[in-house]
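Next comes protein.txt, with compact mmCIF, C-alpha atoms.
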```txt
# COMPACT_ATOMS: atom_id res chain seq x y z
CA MET Z 1 -96.52 -119.03 105.31
CA GLN Z 2 -96.55 -116.80 102.22
CA ARG Z 3 -100.37 -116.75 102.26
CA ARG Z 4 -100.40 -115.75 105.96
CA THR Z 5 -97.85 -112.97 105.30
CA PHE Z 6 -99.93 -111.72 102.37
CA LYS Z 7 -103.11 -111.71 104.49
CA THR Z 8 -101.35 -109.80 107.29
CA ALA Z 9 -100.02 -107.21 104.85
CA LEU Z 10 -103.43 -106.90 103.18
CA GLY Z 11 -105.14 -106.46 106.53
CA PHE Z 12 -102.68 -103.78 107.55
CA ALA Z 13 -103.19 -101.92 104.26
CA LEU Z 14 -106.98 -102.10 104.59
CA THR Z 15 -106.79 -100.78 108.17
CA LEU Z 16 -104.67 -97.84 107.04
CA ALA Z 17 -107.10 -97.16 104.21
CA ALA Z 18 -110.06 -97.23 106.58
CA LEU Z 19 -108.36 -94.83 108.96
CA SER Z 20 -107.58 -92.41 106.14
CA VAL Z 21 -111.14 -92.32 104.74
CA PRO Z 22 -112.62 -89.97 107.41
CA GLN Z 23 -109.69 -87.55 107.04
CA LEU Z 24 -110.01 -87.65 103.26
CA ALA Z 25 -113.73 -86.97 103.50
CA VAL Z 26 -113.08 -84.00 105.80
CA ALA Z 27 -110.51 -82.59 103.38
CA GLN Z 28 -112.78 -83.07 100.37
CA ALA Z 29 -115.75 -81.36 102.06
CA TRP Z 30 -113.67 -78.44 103.35
CA PRO Z 31 -114.52 -75.55 103.52
CA THR Z 32 -118.23 -76.02 102.69
CA LYS Z 33 -119.44 -77.47 106.01
CA GLN Z 34 -119.43 -74.40 108.31
CA PRO Z 35 -117.89 -70.95 108.92
CA ILE Z 36 -114.15 -70.79 109.56
CA LYS Z 37 -113.04 -69.31 112.85
CA LEU Z 38 -109.87 -67.24 113.25
CA VAL Z 39 -109.10 -67.06 116.96
CA ALA Z 40 -107.22 -63.82 117.68
CA VAL Z 41 -105.37 -64.70 120.88
CA PHE Z 42 -105.35 -61.11 122.19
CA PRO Z 43 -108.23 -58.71 122.97
CA PRO Z 44 -109.84 -56.40 120.38
CA GLY Z 45 -107.95 -53.32 119.25
CA GLY Z 46 -104.41 -54.70 119.30
CA SER Z 47 -102.23 -55.80 116.41
CA VAL Z 48 -103.27 -59.49 116.59
CA ASP Z 49 -106.93 -58.51 116.31
CA GLN Z 50 -106.12 -56.17 113.41
CA VAL Z 51 -104.13 -58.84 111.55
CA ALA Z 52 -106.93 -61.39 111.96
CA ARG Z 53 -109.53 -58.95 110.60
CA ILE Z 54 -107.32 -57.76 107.74
CA ILE Z 55 -106.78 -61.31 106.45
CA GLY Z 56 -110.23 -62.61 107.37
CA GLN Z 57 -112.31 -60.73 104.80
CA PRO Z 58 -110.31 -61.58 101.65
CA LEU Z 59 -109.89 -65.16 102.89
CA SER Z 60 -113.70 -65.43 103.12
CA GLN Z 61 -114.05 -64.14 99.55
CA GLN Z 62 -111.47 -66.58 98.21
CA LEU Z 63 -112.94 -69.62 99.96
CA GLY Z 64 -116.60 -68.71 99.44
CA GLN Z 65 -117.17 -69.33 103.16
CA SER Z 66 -117.77 -67.04 106.15
CA VAL Z 67 -114.67 -66.29 108.23
CA ILE Z 68 -115.36 -65.18 111.80
CA VAL Z 69 -112.79 -63.50 114.04
CA GLU Z 70 -113.14 -64.51 117.69
CA ASN Z 71 -111.06 -62.74 120.34
CA ARG Z 72 -109.84 -65.00 123.15
CA GLY Z 73 -107.25 -63.01 125.05
CA GLY Z 74 -105.44 -63.71 128.29
CA ALA Z 75 -102.17 -65.17 129.59
CA SER Z 76 -100.10 -63.56 126.80
CA GLY Z 77 -102.06 -65.41 124.14
CA ALA Z 78 -101.96 -68.81 125.83
CA ILE Z 79 -105.72 -69.02 126.53
CA GLY Z 80 -106.74 -68.58 122.90
CA THR Z 81 -103.92 -70.79 121.66
CA ALA Z 82 -104.97 -73.56 124.05
CA ALA Z 83 -108.55 -73.37 122.74
CA VAL Z 84 -107.30 -73.88 119.17
CA ALA Z 85 -104.85 -76.65 120.15
CA GLN Z 86 -107.74 -78.51 121.80
CA SER Z 87 -110.25 -77.95 118.98
CA ALA Z 88 -111.18 -80.46 116.28
CA PRO Z 89 -108.49 -80.66 113.56
CA ASP Z 90 -111.06 -80.24 110.80
CA GLY Z 91 -109.91 -77.00 109.16
CA TYR Z 92 -112.53 -74.77 110.75
CA THR Z 93 -110.55 -73.32 113.68
CA PHE Z 94 -107.22 -71.51 113.41
CA ALA Z 95 -105.15 -69.29 115.70
CA VAL Z 96 -103.67 -65.91 114.85
CA VAL Z 97 -100.74 -65.58 117.26
CA PHE Z 98 -98.18 -62.95 118.23
CA ASP Z 99 -94.50 -63.21 119.13
CA THR Z 100 -95.46 -64.16 122.71
CA HIS Z 101 -96.16 -67.62 121.25
CA GLY Z 102 -92.39 -68.09 121.00
CA VAL Z 103 -91.85 -66.99 124.61
CA ASN Z 104 -94.73 -68.71 126.43
CA PRO Z 105 -93.25 -72.24 126.59
CA ALA Z 106 -90.21 -70.97 128.54
CA LEU Z 107 -92.16 -68.46 130.60
CA ASN Z 108 -94.94 -70.87 131.56
CA PRO Z 109 -93.81 -74.53 131.68
CA SER Z 110 -97.34 -75.60 132.72
CA LEU Z 111 -99.05 -74.52 129.50
CA PRO Z 112 -102.11 -76.73 128.80
CA TYR Z 113 -100.68 -77.60 125.37
CA ASP Z 114 -97.35 -78.44 123.74
CA SER Z 115 -96.47 -75.58 121.40
CA LYS Z 116 -94.66 -77.89 118.97
CA LYS Z 117 -96.70 -81.10 119.17
CA ASP Z 118 -100.24 -79.75 119.46
CA LEU Z 119 -100.10 -77.05 116.77
CA THR Z 120 -99.17 -76.88 113.10
CA PRO Z 121 -97.77 -73.63 111.66
CA LEU Z 122 -99.57 -72.54 108.49
CA VAL Z 123 -97.88 -69.29 107.54
CA LEU Z 124 -95.71 -66.53 108.96
CA VAL Z 125 -97.81 -63.44 108.24
CA GLY Z 126 -95.06 -60.92 108.86
CA THR Z 127 -92.53 -59.30 111.14
CA SER Z 128 -92.02 -55.82 112.51
CA PRO Z 129 -89.28 -53.98 114.34
CA MET Z 130 -89.85 -52.90 117.89
CA VAL Z 131 -88.98 -49.31 118.66
CA LEU Z 132 -87.11 -48.03 121.69
CA ALA Z 133 -88.51 -44.52 122.19
CA THR Z 134 -88.58 -41.69 124.69
CA HIS Z 135 -90.67 -38.61 125.40
CA VAL Z 136 -89.79 -35.73 123.08
CA ASN Z 137 -88.53 -33.62 126.01
CA SER Z 138 -86.46 -36.44 127.51
CA GLU Z 139 -82.77 -36.12 128.39
CA TYR Z 140 -82.12 -39.03 126.01
CA LYS Z 141 -81.52 -37.59 122.55
CA THR Z 142 -79.90 -40.72 121.09
CA PHE Z 143 -79.57 -44.44 121.82
CA LYS Z 144 -75.97 -43.73 122.91
CA ASP Z 145 -77.30 -41.41 125.62
CA VAL Z 146 -79.32 -44.29 127.07
CA MET Z 147 -76.36 -46.67 127.04
CA ASP Z 148 -74.03 -44.04 128.53
CA ALA Z 149 -76.49 -43.45 131.39
CA ALA Z 150 -76.80 -47.18 132.03
CA LYS Z 151 -73.03 -47.67 131.97
CA ALA Z 152 -72.68 -44.80 134.44
CA LYS Z 153 -75.01 -46.84 136.67
CA LYS Z 154 -77.77 -44.24 136.59
CA ASN Z 155 -81.24 -45.63 137.23
CA VAL Z 156 -82.46 -46.17 133.66
CA SER Z 157 -86.00 -47.57 133.48
CA PHE Z 158 -88.15 -48.69 130.58
CA GLY Z 159 -91.74 -49.77 130.06
CA SER Z 160 -92.93 -52.77 128.06
CA ILE Z 161 -96.35 -54.23 127.26
CA GLY Z 162 -95.92 -56.80 130.03
CA ASN Z 163 -93.65 -59.05 132.03
CA GLY Z 164 -92.11 -61.63 129.72
CA SER Z 165 -93.16 -59.71 126.59
CA LEU Z 166 -90.75 -59.65 123.68
CA GLY Z 167 -89.86 -56.02 124.49
CA HIS Z 168 -88.97 -57.01 128.05
CA LEU Z 169 -86.83 -59.91 126.82
CA ALA Z 170 -85.14 -57.82 124.12
CA MET Z 171 -84.05 -55.29 126.74
CA ALA Z 172 -82.86 -58.12 129.02
CA LEU Z 173 -80.78 -59.51 126.14
CA LEU Z 174 -79.35 -56.06 125.39
CA ALA Z 175 -78.47 -55.52 129.07
CA LYS Z 176 -76.56 -58.80 129.09
CA ASP Z 177 -74.74 -57.96 125.84
CA ALA Z 178 -73.80 -54.48 127.14
CA ASN Z 179 -73.14 -55.57 130.73
CA VAL Z 180 -75.55 -52.97 132.14
CA GLU Z 181 -78.66 -53.00 134.31
CA TRP Z 182 -81.98 -51.19 134.07
CA THR Z 183 -85.38 -51.26 135.71
CA HIS Z 184 -88.28 -52.90 133.92
CA ILE Z 185 -91.78 -51.41 134.37
CA PRO Z 186 -94.39 -53.84 132.99
CA TYR Z 187 -97.76 -52.56 131.75
CA LYS Z 188 -100.96 -54.38 130.87
CA GLY Z 189 -100.68 -53.74 127.15
CA GLY Z 190 -99.53 -51.11 124.68
CA GLY Z 191 -102.24 -48.54 125.47
CA PRO Z 192 -101.36 -48.04 129.16
CA MET Z 193 -97.62 -48.12 128.38
CA MET Z 194 -97.82 -45.42 125.71
CA SER Z 195 -100.13 -43.31 127.86
CA ASP Z 196 -97.42 -43.12 130.53
CA ALA Z 197 -94.64 -42.74 127.94
CA ILE Z 198 -96.17 -39.71 126.20
CA SER Z 199 -96.80 -38.16 129.61
CA GLY Z 200 -93.15 -38.66 130.57
CA HIS Z 201 -94.03 -40.93 133.52
CA VAL Z 202 -91.76 -43.68 132.15
CA PRO Z 203 -88.53 -42.48 130.46
CA LEU Z 204 -88.28 -45.22 127.83
CA SER Z 205 -90.76 -47.45 126.07
CA ILE Z 206 -90.24 -50.48 123.87
CA GLY Z 207 -93.07 -51.62 121.64
CA SER Z 208 -93.96 -52.49 118.07
CA VAL Z 209 -94.15 -49.92 115.28
CA PHE Z 210 -97.94 -50.45 115.45
CA VAL Z 211 -98.00 -49.23 119.07
CA THR Z 212 -95.33 -46.54 118.88
CA LYS Z 213 -95.39 -44.85 115.47
CA PRO Z 214 -98.64 -42.85 115.93
CA HIS Z 215 -97.02 -41.06 118.87
CA ILE Z 216 -93.82 -40.47 116.90
CA ASP Z 217 -95.90 -39.00 114.06
CA SER Z 218 -97.73 -36.73 116.52
CA GLY Z 219 -94.39 -35.38 117.74
CA ARG Z 220 -94.82 -36.58 121.32
CA MET Z 221 -92.25 -39.41 121.20
CA ARG Z 222 -88.68 -39.57 119.88
CA PRO Z 223 -87.53 -42.89 118.40
CA LEU Z 224 -84.01 -43.91 119.44
CA ALA Z 225 -83.46 -47.33 117.83
CA VAL Z 226 -85.22 -50.30 116.25
CA THR Z 227 -84.66 -53.95 117.15
CA THR Z 228 -84.31 -55.51 113.69
CA THR Z 229 -81.02 -55.90 111.81
CA LYS Z 230 -82.33 -53.64 109.03
CA ARG Z 231 -83.89 -50.21 109.47
CA ALA Z 232 -87.68 -50.02 109.40
CA ALA Z 233 -89.16 -48.81 106.12
CA ASP Z 234 -91.60 -46.68 108.14
CA LEU Z 235 -88.77 -45.15 110.19
CA PRO Z 236 -85.84 -44.94 107.75
CA ASN Z 237 -83.92 -42.37 109.80
CA VAL Z 238 -83.97 -44.43 112.99
CA PRO Z 239 -80.82 -46.55 113.45
CA THR Z 240 -80.83 -50.19 114.50
CA ILE Z 241 -79.42 -51.41 117.80
CA ALA Z 242 -77.02 -53.50 115.69
CA GLU Z 243 -75.70 -50.29 114.06
CA ASN Z 244 -75.07 -48.85 117.52
CA GLY Z 245 -72.32 -51.30 118.36
CA TYR Z 246 -74.26 -54.54 118.96
CA PRO Z 247 -73.84 -56.44 115.67
CA GLY Z 248 -76.32 -59.22 115.07
CA PHE Z 249 -78.79 -57.94 117.66
CA GLU Z 250 -82.28 -58.81 116.45
CA ALA Z 251 -85.66 -59.00 118.18
CA PRO Z 252 -88.55 -58.75 115.72
CA ALA Z 253 -92.21 -58.74 116.61
CA TRP Z 254 -94.08 -61.30 114.47
CA TRP Z 255 -97.50 -62.72 113.66
CA ALA Z 256 -98.44 -66.19 112.40
CA VAL Z 257 -101.43 -68.43 111.69
CA LEU Z 258 -101.53 -71.90 113.28
CA ALA Z 259 -103.79 -74.94 113.00
CA PRO Z 260 -104.47 -77.74 115.46
CA ALA Z 261 -102.08 -80.68 115.04
CA LYS Z 262 -103.48 -83.56 112.94
CA THR Z 263 -105.28 -81.15 110.62
CA PRO Z 264 -105.37 -83.09 107.30
CA PRO Z 265 -102.31 -82.25 105.18
CA GLU Z 266 -104.55 -81.40 102.22
CA ILE Z 267 -106.23 -78.66 104.29
CA VAL Z 268 -102.89 -77.40 105.63
CA LYS Z 269 -101.59 -77.13 102.04
CA ARG Z 270 -104.76 -75.44 100.73
CA MET Z 271 -105.00 -73.02 103.65
CA ASN Z 272 -101.33 -72.09 103.25
CA GLU Z 273 -101.90 -71.40 99.54
CA GLU Z 274 -104.98 -69.29 100.28
CA LEU Z 275 -103.20 -67.29 103.00
CA ASN Z 276 -100.25 -66.59 100.71
CA LYS Z 277 -102.72 -65.40 98.08
CA VAL Z 278 -104.30 -63.10 100.70
CA LEU Z 279 -100.88 -61.68 101.65
CA LYS Z 280 -100.21 -60.85 97.98
CA ASN Z 281 -103.49 -58.93 97.72
CA PRO Z 282 -102.49 -55.23 97.24
CA GLU Z 283 -105.22 -53.99 99.62
CA VAL Z 284 -104.11 -56.42 102.33
CA ALA Z 285 -100.46 -55.47 101.81
CA LYS Z 286 -101.37 -51.79 102.16
CA LYS Z 287 -103.29 -52.40 105.41
CA LEU Z 288 -100.55 -54.54 106.95
CA ASP Z 289 -97.95 -51.97 105.97
CA ALA Z 290 -100.04 -49.35 107.78
CA GLN Z 291 -99.64 -51.51 110.89
CA GLY Z 292 -95.84 -51.45 110.41
CA ILE Z 293 -95.79 -55.12 109.37
CA ASP Z 294 -93.36 -56.46 106.74
CA ILE Z 295 -95.16 -59.30 104.95
CA MET Z 296 -93.36 -62.65 104.93
CA GLY Z 297 -95.61 -65.51 103.71
CA GLY Z 298 -94.02 -68.78 102.59
CA THR Z 299 -94.52 -72.46 103.37
CA PRO Z 300 -95.64 -74.14 106.61
CA ALA Z 301 -92.11 -75.53 106.96
CA GLN Z 302 -90.61 -72.04 106.74
CA ALA Z 303 -93.06 -70.75 109.35
CA GLY Z 304 -92.23 -73.69 111.61
CA ALA Z 305 -88.48 -73.12 111.29
CA PHE Z 306 -88.86 -69.42 112.12
CA ILE Z 307 -91.02 -70.12 115.19
CA ASP Z 308 -88.69 -72.86 116.44
CA LYS Z 309 -85.73 -70.47 116.15
CA GLN Z 310 -87.60 -67.78 118.11
CA MET Z 311 -88.48 -70.28 120.84
CA GLY Z 312 -84.82 -71.28 121.13
CA ILE Z 313 -83.54 -67.69 121.38
CA TRP Z 314 -86.05 -66.44 123.93
CA SER Z 315 -86.15 -69.54 126.12
CA LYS Z 316 -82.44 -68.98 126.75
CA VAL Z 317 -83.05 -65.30 127.63
CA VAL Z 318 -85.85 -66.29 130.03
CA LYS Z 319 -83.63 -68.85 131.76
CA ASP Z 320 -80.48 -66.69 131.81
CA ASN Z 321 -82.37 -63.80 133.42
CA ASN Z 322 -84.66 -65.91 135.62
CA ILE Z 323 -87.73 -64.15 134.18
CA LYS Z 324 -91.07 -65.31 135.58
CA ALA Z 325 -94.61 -64.86 134.31
CA ASP Z 326 -96.88 -62.44 136.22
```
Would you write out, as structure tokens, the structure that this file holds?
Amino acid sequence: MQRRTFKTALGFALTLAALSVPQLAVAQAWPTKQPIKLVAVFPPGGSVDQVARIIGQPLSQQLGQSVIVENRGGASGAIGTAAVAQSAPDGYTFAVVFDTHGVNPALNPSLPYDSKKDLTPLVLVGTSPMVLATHVNSEYKTFKDVMDAAKAKKNVSFGSIGNGSLGHLAMALLAKDANVEWTHIPYKGGGPMMSDAISGHVPLSIGSVFVTKPHIDSGRMRPLAVTTTKRAADLPNVPTIAENGYPGFEAPAWWAVLAPAKTPPEIVKRMNEELNKVLKNPEVAKKLDAQGIDIMGGTPAQAGAFIDKQMGIWSKVVKDNNIKAD
């Protein structure tokens, strides 16, 4: 009986060892086999594309391997994310995602992947406030003016980068907190939204610092409030929504790098270390700061906890407000 038990245990151990050999070989060979692909899950020109390109070059230098940025936009980042989730977990394909990643599971229950089971967070690149802004000649001089108009049941409308975007959801959350209503005007991205905002065709816009600040700097837009609990370093004179009587209100834009699930833990650990090294590079920090991004970094576990929290917050907003995808 003892001999049979020993043989069973030995067989089980040998099976586990055999299964682990291919993964170990993959991890040992990485990253020498082929170029690494960073899939930017939005089209060229936007913040996700910029983040991918900013981190791609120094990452290539550190690893001694080519790093290619591939844009796969569509469905608020879901198309590119699905491609990465379904790719081989060999350390050669990663996703650079935006805050829509935390919204998509609630907004689109039929996603072709499970955001938690099919993907492994590697690092939280950074966060950024969103800015509620208005045309420089607008009747709204302060955030209080906007809230007073909404409370007086005037038709207050705002533009966002799309239905179900974080800006849209942040305004829905604020409306619920303040017991007011306003009209949402969705656009197909930051470019079209800001084009209408600087022309005065939409009275309010909500978008990231990356999208909004150039128009504030040019004097065409007036910032009214930011959506983080602390003021933005790039806009130190702009108050937070929390300061304006809504304590605890927070809705940051954010960017992260993900890997397919089952990527060998050795590669996850090494890639996390390399990405943190990239984020500490002074040139990279300068470029990300120019995009209005506050660098975060940290462990995969910290990135995962942040993303899970965002999913929990925004799934409730989606359900409470019956928000549907386009």
Neighbour list for Z:Val48 as a list in words, cut-off 7 Å, all atoms listed in the file, skip fewer than 6 positions in-chain: Ala40, Phe42, Val96, Val97 and Phe98 of chain Z
Selection: 7 Å around Z:Pro260, all atoms listed in the file, excl. self and same-chain fewer than 4 positions, as a list in words: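 That gives Val84, Ala85, Ser87, Pro89, Asp118, Leu119 and Thr120 of chain Z.
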Please, which residues in stretch 219-287 of chain Z fall within 9 Å of stretch 183-207 of chain Z when counting only C-alpha atoms, and what is the closest atom pair and distance in Å to one decimal for each, ordered by chain then residue number, as a tab-separated table?
```
residue	atom	partner	partner_atom	distance
Z:Arg220	CA	Z:Ile198	CA	6.0
Z:Met221	CA	Z:Ile198	CA	6.4
Z:Ala253	CA	Z:Gly207	CA	8.8
```
Contacts of stretch 272-274 of chain Z within 10 Å, all atoms listed in the file, excl. fewer than 2 positions in-chain, as a ChimeraX atom specification: /Z:58-60,62-63,121-124,257,266-270,276-280,297-300
With a distance cut-off of 12 Å and only C-alpha atoms, select the neighbouring residues of Z:Pro105, excluding the residue or stretch itself and same-chain residues fewer than 6 positions from it, and output the selection as a CSV table (one decimal) with C-alpha atoms, keeping the file's coordinate frame.
```csv
chain,number,residue,atom,x,y,z
Z,75,ALA,CA,-102.2,-65.2,129.6
Z,76,SER,CA,-100.1,-63.6,126.8
Z,77,GLY,CA,-102.1,-65.4,124.1
Z,78,ALA,CA,-102.0,-68.8,125.8
Z,81,THR,CA,-103.9,-70.8,121.7
Z,99,ASP,CA,-94.5,-63.2,119.1
Z,111,LEU,CA,-99.0,-74.5,129.5
Z,112,PRO,CA,-102.1,-76.7,128.8
Z,113,TYR,CA,-100.7,-77.6,125.4
Z,114,ASP,CA,-97.4,-78.4,123.7
Z,115,SER,CA,-96.5,-75.6,121.4
Z,116,LYS,CA,-94.7,-77.9,119.0
Z,164,GLY,CA,-92.1,-61.6,129.7
Z,307,ILE,CA,-91.0,-70.1,115.2
Z,308,ASP,CA,-88.7,-72.9,116.4
Z,310,GLN,CA,-87.6,-67.8,118.1
Z,311,MET,CA,-88.5,-70.3,120.8
Z,312,GLY,CA,-84.8,-71.3,121.1
Z,313,ILE,CA,-83.5,-67.7,121.4
Z,314,TRP,CA,-86.0,-66.4,123.9
Z,315,SER,CA,-86.2,-69.5,126.1
Z,316,LYS,CA,-82.4,-69.0,126.8
Z,318,VAL,CA,-85.8,-66.3,130.0
Z,319,LYS,CA,-83.6,-68.8,131.8
Z,324,LYS,CA,-91.1,-65.3,135.6
Z,325,ALA,CA,-94.6,-64.9,134.3
```
Using all atoms listed in the file, find each residue in stretch 234-272 of chain Z having at least one atom no more than 12 Å away from stretch 209-214 of chain Z; report its shortest atom-to-atom pair and that distance in Å (one decimal), rows by chain then rising number, as a tab-separated table.
```
residue	atom	partner	partner_atom	distance
Z:Asp234	CA	Z:Val209	CA	8.2
Z:Leu235	CA	Z:Lys213	CA	8.5
Z:Val238	CA	Z:Lys213	CA	11.7
Z:Pro252	CA	Z:Val209	CA	10.5
Z:Ala253	CA	Z:Val209	CA	9.1
Z:Trp254	CA	Z:Val209	CA	11.4
```
Two-atom distance - atom CA of Z:Gly162, atom CA of Z:Asp326 (Å): 8.4 Å
Nearest to Z:Leu38 by atom-to-atom distance, counting all atoms listed in the file, from Z:Ala178, Z:Val156, Z:Ile161, Z:Ala52: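 That would be Z:Ala52, the residue with the smallest distance to Z:Leu38.
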Å distance separating atom CA of Z:Ala133 from atom CA of Z:Ile216, one decimal place: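 Between atom CA of Z:Ala133 and atom CA of Z:Ile216 the gap works out to 8.5 Å.
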Between atom CA of Z:Ala106 and atom CA of Z:Gly45, distance in Å (one decimal):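 These atoms are spaced 26.7 Å apart.
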